[in-house]
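Step one of this worksheet: look at the structure below.
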Amino acid sequence: MFIQTATTPNEDALQFIPGVPVLGDASNSGSRRTVEYTSPREGLKSPLATRLFAIEGVKGVMYGADFVTVRKESDYPWQLMKPDIYAAIMDHFSSGRALVREDEDGKAGAEGDSMNVAEHDSDIVAEIKELLESRVRPSIQEDGGDLDFVSFNEGTGVVKIRLRGACRGCSSSTVTLKHGVEGMLSYYIPEVTGVEDVGDELENQAKKEFEKLEAQLANK
């Protein structure tokens with residue numbers, strides 16, 4: 001197996017392209033769905049992510065149809081990490097093991113795609129999701145990242161999204177949001193007045209809830 005690497009706008013994130021389908025259902029259906037793990041605990045859902053998080057310096061893993069994006073701590077050099085990352089990816093895809101562990105119902109434990117239009121979505125939300133899916137997502141995934149639709153406030157016109165993969169912590173993400181995503185959405189949908197990335201906010205909320213639960217368990 002020959003694993004290629006591709007740089008991203010984020011110097012602390014690299015794409016690893018193994019030359020075989022990664023997220024199988026996305027590869028077969030043409031879907032742009034991705035699966036991301038931002039902590040070793042989340043990574044327990046995937047044998048490969050578990051192996052990657054065991055490498056010192058790894059702070060995030062994301063799977064796409066044909067790539068694996070790995071994010072690292074800024075003070076760890078890629079040249080020391082790459083050999084272990086190559087080995088982990090090669091061993092996994094050579095073993096034939098499932099990428100994502102199945103849950104108790106026998107279903108792969110991957111989240112649904114936030115870009116799917118739900119029955120309760122308004123016409124504007126459906127249009128926003130369609131534009132993000134067809135016009136924004138392809139270019140972002142080429143750089144090893146992705147984005148989730150979070151919400152649209154019809155009163156303020158603000159669209160909230162969550163940047164993922166290589167887009168997390170990337171210095172160019174603000175430019176991407178303002179001149180790329182926001183400009184395009186407001187051009188086609190006048191009701192849209194702004195776009196905000198709430199990824200860090202949601203992660204911090206989840207971390208606080210987890211710490212609160214740990215404290216409650218420790219006091220019992």
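Following the order of the structure tokens, first chain is A, next is B, and so on, with residues numbered from 1 inside each chain and ligands from 1 in the order they appear.
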Excluding stretch 179-191 of chain A and residues on its chain fewer than 3 positions from it, collect all residues at most 9 Å away from it, counting only C-alpha atoms, and give them as a PDB file with C-alpha atoms, in the first residue's frame.
ATOM      1  CA  ILE A 124     -34.460  28.746   3.686  1.00  0.00           C
ATOM      2  CA  GLU A 127     -31.537  26.097   0.527  1.00  0.00           C
ATOM      3  CA  ILE A 128     -28.638  26.860   2.889  1.00  0.00           C
ATOM      4  CA  LEU A 131     -25.572  25.452  -1.132  1.00  0.00           C
ATOM      5  CA  LEU A 132     -23.177  24.335   1.610  1.00  0.00           C
ATOM      6  CA  ARG A 135     -20.734  24.746  -3.413  1.00  0.00           C
ATOM      7  CA  VAL A 136     -18.713  24.865  -0.185  1.00  0.00           C
ATOM      8  CA  GLU A 154     -34.429  33.740  10.977  1.00  0.00           C
ATOM      9  CA  THR A 156     -30.900  37.831  12.847  1.00  0.00           C
ATOM     10  CA  GLY A 157     -30.111  36.050   9.587  1.00  0.00           C
ATOM     11  CA  VAL A 158     -27.026  34.399  11.112  1.00  0.00           C
ATOM     12  CA  VAL A 159     -26.027  30.905  10.003  1.00  0.00           C
ATOM     13  CA  THR A 174     -11.895  33.393   9.194  1.00  0.00           C
ATOM     14  CA  VAL A 175     -11.184  34.475   5.618  1.00  0.00           C
ATOM     15  CA  THR A 176     -12.913  31.344   4.327  1.00  0.00           C
ATOM     16  CA  GLY A 194     -23.672  36.445   8.526  1.00  0.00           C
ATOM     17  CA  VAL A 195     -21.949  33.124   9.216  1.00  0.00           C
ATOM     18  CA  GLU A 196     -20.393  32.102  12.538  1.00  0.00           C
TER      19      GLU A 196
END
In chain A, DSSP strand (DSSP E or B) residues written as a tab-separated table (two decimals) with N, CA and C atoms, in the first residue's frame:
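For reference, out.tsv as written:
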chain	number	residue	atom	x	y	z
A	4	GLN	N	-0.22	8.38	0.24
A	4	GLN	CA	0.18	9.73	-0.13
A	4	GLN	C	-0.22	10.71	0.96
A	5	THR	N	0.47	11.83	1.04
A	5	THR	CA	0.08	12.89	1.96
A	5	THR	C	-0.20	14.15	1.17
A	6	ALA	N	-1.08	14.97	1.69
A	6	ALA	CA	-1.41	16.25	1.07
A	6	ALA	C	-1.45	17.31	2.16
A	7	THR	N	-0.81	18.42	1.91
A	7	THR	CA	-0.82	19.51	2.88
A	7	THR	C	-2.19	20.19	2.90
A	13	ALA	N	-2.22	20.15	10.37
A	13	ALA	CA	-3.12	19.10	9.87
A	13	ALA	C	-2.62	18.60	8.53
A	14	LEU	N	-2.64	17.29	8.33
A	14	LEU	CA	-2.24	16.68	7.07
A	14	LEU	C	-3.30	15.68	6.63
A	15	GLN	N	-3.47	15.55	5.31
A	15	GLN	CA	-4.31	14.51	4.74
A	15	GLN	C	-3.43	13.31	4.41
A	16	PHE	N	-3.90	12.13	4.79
A	16	PHE	CA	-3.24	10.87	4.43
A	16	PHE	C	-4.19	10.12	3.51
A	17	ILE	N	-3.72	9.81	2.30
A	17	ILE	CA	-4.57	9.21	1.27
A	17	ILE	C	-4.05	7.80	0.98
A	35	VAL	N	-16.54	11.61	9.29
A	35	VAL	CA	-16.63	11.24	10.70
A	35	VAL	C	-15.39	11.78	11.39
A	36	GLU	N	-15.56	12.51	12.49
A	36	GLU	CA	-14.43	13.13	13.18
A	36	GLU	C	-14.41	12.75	14.65
A	37	TYR	N	-13.18	12.59	15.16
A	37	TYR	CA	-12.96	12.32	16.58
A	37	TYR	C	-11.98	13.37	17.09
A	58	VAL	N	-0.90	13.61	18.56
A	58	VAL	CA	-2.14	13.60	17.77
A	58	VAL	C	-3.28	14.17	18.60
A	59	LYS	N	-4.04	15.12	18.03
A	59	LYS	CA	-5.15	15.74	18.77
A	59	LYS	C	-6.48	15.64	18.04
A	60	GLY	N	-6.50	15.10	16.83
A	60	GLY	CA	-7.76	14.96	16.11
A	60	GLY	C	-7.62	14.06	14.89
A	61	VAL	N	-8.69	13.34	14.58
A	61	VAL	CA	-8.71	12.43	13.43
A	61	VAL	C	-10.04	12.59	12.72
A	62	MET	N	-10.02	12.71	11.39
A	62	MET	CA	-11.25	12.77	10.61
A	62	MET	C	-11.15	11.88	9.39
A	63	TYR	N	-12.24	11.15	9.10
A	63	TYR	CA	-12.31	10.28	7.93
A	63	TYR	C	-13.20	10.89	6.86
A	68	VAL	N	-7.77	10.32	5.30
A	68	VAL	CA	-7.75	10.45	6.76
A	68	VAL	C	-7.01	11.75	7.07
A	69	THR	N	-7.67	12.67	7.76
A	69	THR	CA	-7.01	13.89	8.19
A	69	THR	C	-6.58	13.73	9.64
A	70	VAL	N	-5.32	14.02	9.90
A	70	VAL	CA	-4.78	13.95	11.26
A	70	VAL	C	-4.36	15.35	11.69
A	71	ARG	N	-4.82	15.79	12.86
A	71	ARG	CA	-4.40	17.07	13.43
A	71	ARG	C	-3.45	16.80	14.59
A	72	LYS	N	-2.46	17.70	14.78
A	72	LYS	CA	-1.48	17.49	15.82
A	72	LYS	C	-1.31	18.73	16.69
A	102	GLU	N	-19.27	-1.19	15.54
A	102	GLU	CA	-20.73	-1.20	15.54
A	102	GLU	C	-21.25	-1.03	16.95
A	108	ALA	N	-23.08	0.90	12.47
A	108	ALA	CA	-21.83	1.63	12.64
A	108	ALA	C	-22.08	2.88	13.45
A	145	GLY	N	-10.68	19.19	5.34
A	145	GLY	CA	-11.60	19.66	6.36
A	145	GLY	C	-13.04	19.34	6.03
A	146	ASP	N	-13.93	19.87	6.81
A	146	ASP	CA	-15.36	19.71	6.56
A	146	ASP	C	-16.10	20.73	7.41
A	147	LEU	N	-17.40	20.79	7.26
A	147	LEU	CA	-18.21	21.67	8.10
A	147	LEU	C	-19.57	21.04	8.34
A	148	ASP	N	-20.14	21.36	9.49
A	148	ASP	CA	-21.49	20.93	9.86
A	148	ASP	C	-22.40	22.15	9.86
A	149	PHE	N	-23.64	21.95	9.43
A	149	PHE	CA	-24.67	22.98	9.62
A	149	PHE	C	-25.19	22.82	11.04
A	150	VAL	N	-25.24	23.93	11.80
A	150	VAL	CA	-25.72	23.89	13.18
A	150	VAL	C	-27.12	24.51	13.29
A	151	SER	N	-27.26	25.77	12.79
A	151	SER	CA	-28.57	26.41	12.91
A	151	SER	C	-28.63	27.65	12.03
A	152	PHE	N	-29.88	28.13	11.83
A	152	PHE	CA	-30.11	29.41	11.15
A	152	PHE	C	-31.12	30.19	11.95
A	153	ASN	N	-30.76	31.42	12.34
A	153	ASN	CA	-31.65	32.28	13.10
A	153	ASN	C	-32.39	33.19	12.12
A	158	VAL	N	-28.35	34.99	10.90
A	158	VAL	CA	-27.03	34.40	11.11
A	158	VAL	C	-27.08	32.87	10.98
A	159	VAL	N	-26.18	32.35	10.16
A	159	VAL	CA	-26.03	30.90	10.00
A	159	VAL	C	-24.88	30.45	10.90
A	160	LYS	N	-25.13	29.44	11.73
A	160	LYS	CA	-24.08	28.91	12.59
A	160	LYS	C	-23.62	27.56	12.02
A	161	ILE	N	-22.29	27.44	11.87
A	161	ILE	CA	-21.72	26.20	11.37
A	161	ILE	C	-20.61	25.76	12.32
A	162	ARG	N	-20.12	24.53	12.11
A	162	ARG	CA	-19.00	24.03	12.89
A	162	ARG	C	-17.94	23.53	11.93
A	163	LEU	N	-16.78	24.16	11.93
A	163	LEU	CA	-15.68	23.71	11.08
A	163	LEU	C	-15.03	22.48	11.70
A	164	ARG	N	-14.59	21.56	10.84
A	164	ARG	CA	-14.04	20.29	11.33
A	164	ARG	C	-12.75	19.94	10.60
A	165	GLY	N	-12.08	18.90	11.09
A	165	GLY	CA	-10.88	18.41	10.44
A	165	GLY	C	-9.78	19.46	10.39
A	194	GLY	N	-24.99	36.77	7.97
A	194	GLY	CA	-23.67	36.45	8.53
A	194	GLY	C	-23.52	34.96	8.76
A	195	VAL	N	-22.27	34.52	8.93
A	195	VAL	CA	-21.95	33.12	9.22
A	195	VAL	C	-20.98	33.08	10.38
A	196	GLU	N	-21.25	32.23	11.37
A	196	GLU	CA	-20.39	32.10	12.54
A	196	GLU	C	-19.97	30.65	12.73
A	197	ASP	N	-18.72	30.46	13.09
A	197	ASP	CA	-18.22	29.13	13.46
A	197	ASP	C	-18.36	28.97	14.97
Suppose you want the space between atom CA of A:Asp113 and atom CA of A:Thr193; what is it in Å?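 A separation of 24.3 Å between them.
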Counting only C-alpha atoms, which residue out of A:Gly169, A:Gly43, A:Gly57, A:Gly64 sits closest to A:Pro9? A:Gly169
Skip A:His92 itself and residues of its chain fewer than 3 positions away, then list as a count of residues only all residues within 12 Å of it, counting only C-alpha atoms. 22
Enter the distance from atom CA of A:Glu11 to atom CA of A:Gln141, in Å, rounded to one decimal. 15.7 Å
Of the listed residues A:Gly155, A:His120, A:Val198, A:Arg32, that which approaches A:Ile140 most closely, counting only C-alpha atoms: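 Distance minimum relative to A:Ile140 lands on A:Arg32.
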Students should find that atom CA of A:Asp143 and atom CA of A:Asn10 are spaced 8.8 Å
Shortest interatomic distance to A:Cys170 - which of A:Asp75, A:Asp12, A:Gly199, A:Lys82, counting only C-alpha atoms: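 Among the listed residues, the smallest separation from A:Cys170 belongs to A:Asp12.
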Judged by only C-alpha atoms, the minimum distance to A:Pro138 among A:Ala65, A:Val125, A:Ile3, A:Ala54 is found for A:Ala65
